[in-house]
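K.L.:
Mind looking over this structure? Questions follow.
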Amino acid sequence: MHYDVFNGDADGICSLVQLRLSNPKNGELITGVKRDISLLKKISPVKQDSVTVLDISMKKNYQEVVDFLELGVEIFYADHHQSGDLLTHENFRSHINESSNICTSLIINKYLSGKYQEWAIVGAYGDGMDKSARIIANKADLSKDDRNQLRLLGECINYNSYGT
């Protein structure tokens, strides 16, 4: 079984879109509203399961990560929030960058060598990383109209992530 666990905001959603366009997987999608970040408590993986975690603080989910690794679960973790203690384990692949000018969509964009950069731009705009989004949009030579559409999409996705 595979689990995709991701923040329900624009950054988390766009990170997952990029990964699954690149590497499709059938699995269970686990998400929540923007501030619901203790998402690993919602799953019970077993040995040989795999978990992809996107845009949720490892510091807030540290014990679950340790527990899953002890069970033999493979974990891919990408995030830009406080990570706490970083783990080293043969089943743990992390892409964590706590820089103030990055979000998870941009981390995944780099991981995938820009293959789905429009989705990274959407996620960055949605996460308030306008300057970083503009830098990628400039490199992609996107028109002003295209940039505005990607910005609006990111903002709309993010706005809806707050729930009711």
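Ordering of the structure tokens sets the chain letters (A, B, ...); residue numbers start at 1 within each chain; ligands are numbered from 1 in the order shown.
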Set the distance at 6 Å and use only C-alpha atoms: which residues neighbour Ser57 of chain A once local chain neighbours fewer than 3 positions away are removed? I'd like the list as an NGL selection string.
P.N.:
:A and (60 or 81-83)
K.L.:
Based on the selection just made, write C-alpha atoms of those residues as a short mmCIF file (atom, residue, chain, number, x, y, z; two decimals), in the first residue's frame.
P.N.:
```cif
data_model
loop_
_atom_site.label_atom_id
_atom_site.label_comp_id
_atom_site.auth_asym_id
_atom_site.auth_seq_id
_atom_site.Cartn_x
_atom_site.Cartn_y
_atom_site.Cartn_z
CA LYS A 60 5.28 17.83 14.36
CA HIS A 81 8.99 23.86 7.62
CA GLN A 82 10.90 23.24 10.84
CA SER A 83 12.22 19.72 10.69
#
```
K.L.:
Would you list the contacts of Val51 of chain A as a compact mmCIF listing (two decimals) with N, CA and C atoms, in the first residue's frame, taking every protein, DNA or RNA residue within 6 Å and counting only C-alpha atoms, but skipping same-chain residues closer than 3 positions in sequence?
P.N.:
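Dumped everything to result33.txt:
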```
# COMPACT_ATOMS: atom_id res chain seq x y z
N HIS A 2 0.44 2.25 -0.71
CA HIS A 2 1.15 3.53 -0.71
C HIS A 2 0.22 4.62 -0.19
N TYR A 3 0.80 5.53 0.58
CA TYR A 3 0.07 6.68 1.11
C TYR A 3 0.74 7.96 0.61
N ASP A 4 -0.06 8.89 0.09
CA ASP A 4 0.40 10.25 -0.20
C ASP A 4 -0.20 11.14 0.87
N ILE A 75 9.90 5.90 3.35
CA ILE A 75 9.36 7.26 3.44
C ILE A 75 10.14 8.20 2.54
```
K.L.:
Neighbours of Asn23 of chain A within 12 Å (only C-alpha atoms; same-chain residues fewer than 4 positions away dropped), as a count of residues only?
P.N.:
8
K.L.:
Got a sec: who's within 9 Å of Phe68 of chain A, counting only C-alpha atoms, leaving out chain neighbours fewer than 3 positions off, as a ChimeraX atom specification?
P.N.:
/A:44-47,63-65,71-75
K.L.:
Just the selected residues (C-alpha atoms), exported as a PDB file, in the first residue's frame, please.
P.N.:
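Generated output (result_34.pdb):
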```pdb
ATOM      1  CA  SER A  44      -1.314   2.893   9.963  1.00  0.00           C
ATOM      2  CA  PRO A  45       1.203   1.604   7.440  1.00  0.00           C
ATOM      3  CA  VAL A  46       2.749  -1.825   7.757  1.00  0.00           C
ATOM      4  CA  LYS A  47       6.066  -3.312   6.662  1.00  0.00           C
ATOM      5  CA  GLN A  63       7.521  10.225  16.307  1.00  0.00           C
ATOM      6  CA  GLU A  64       5.289   8.804  13.580  1.00  0.00           C
ATOM      7  CA  VAL A  65       8.192   8.937  11.104  1.00  0.00           C
ATOM      8  CA  LEU A  71       8.157  -1.023  10.960  1.00  0.00           C
ATOM      9  CA  GLY A  72      10.074  -1.147   7.667  1.00  0.00           C
ATOM     10  CA  VAL A  73       8.039   1.531   5.872  1.00  0.00           C
ATOM     11  CA  GLU A  74       9.764   3.486   3.083  1.00  0.00           C
ATOM     12  CA  ILE A  75       9.356   7.258   3.437  1.00  0.00           C
TER      13      ILE A  75
END
```
K.L.:
Please list as a CSV table (one decimal) with N, CA and C atoms, in the first residue's frame every residue within 9 Å of Asn101 of chain A, counting only C-alpha atoms and excluding residues in the same chain fewer than 6 positions away.
P.N.:
```csv
chain,number,residue,atom,x,y,z
A,129,MET,N,5.2,32.9,-2.0
A,129,MET,CA,6.6,33.0,-2.5
A,129,MET,C,6.6,33.7,-3.8
A,131,LYS,N,8.3,36.2,-5.2
A,131,LYS,CA,9.6,36.5,-5.8
A,131,LYS,C,10.1,35.2,-6.4
A,132,SER,N,10.1,34.1,-5.6
A,132,SER,CA,10.6,32.8,-6.1
A,132,SER,C,9.8,32.3,-7.3
```
K.L.:
Could you please write out, as a ChimeraX atom specification, every residue of segment 44-130 of chain A that DSSP assigns to strand (DSSP E)?
P.N.:
/A:50-54,74-79,92-96
K.L.:
Put those residues in a file: C-alpha atoms, as a CSV table (one decimal), in the first residue's frame.
P.N.:
```csv
chain,number,residue,atom,x,y,z
A,50,SER,CA,5.5,3.4,1.4
A,51,VAL,CA,4.6,6.9,2.4
A,52,THR,CA,5.2,10.2,0.6
A,53,VAL,CA,5.0,13.2,2.9
A,54,LEU,CA,4.7,16.7,1.4
A,74,GLU,CA,9.8,3.5,3.1
A,75,ILE,CA,9.4,7.3,3.4
A,76,PHE,CA,9.9,10.1,1.0
A,77,TYR,CA,9.7,13.4,2.8
A,78,ALA,CA,9.8,16.9,1.2
A,79,ASP,CA,9.2,20.0,3.2
A,92,PHE,CA,14.2,7.5,4.6
A,93,ARG,CA,14.7,9.9,1.7
A,94,SER,CA,14.4,13.5,2.7
A,95,HIS,CA,14.3,16.7,0.7
A,96,ILE,CA,14.1,19.4,3.4
```
K.L.:
Compare A:Ser105, A:Gln149, A:Asn61, A:Asn158 by their minimum atom-to-atom distance to Ser38 of chain A, counting only C-alpha atoms, and give me the closest one.
P.N.:
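Going through A:Ser105, A:Gln149, A:Asn61, A:Asn158 one by one, the smallest distance to Ser38 of chain A is for A:Asn61.
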K.L.:
Using only C-alpha atoms, pick whichever of A:Leu21, A:Asp11, A:Asp55, A:Lys42 has the shortest atom-to-atom distance to Ala133 of chain A.
P.N.:
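Using only C-alpha atoms, Ala133 of chain A sits closest to A:Asp11.
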K.L.:
Could you name the residues that touch Gly84 of chain A at 8 Å or less, counting only C-alpha atoms, but leaving out those on the same chain fewer than 6 positions away, as a list in words?
P.N.:
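Using only C-alpha atoms, the neighbours found are Met58, Lys59 and Tyr62 of chain A.
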K.L.:
What does the file look like for those residues with C-alpha atoms, as a tab-separated table (two decimals), in the first residue's frame?
P.N.:
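Dumped to result_1.tsv:
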```
chain	number	residue	atom	x	y	z
A	58	MET	CA	8.57	16.76	10.32
A	59	LYS	CA	9.03	18.26	13.77
A	62	TYR	CA	8.68	13.09	14.10
```
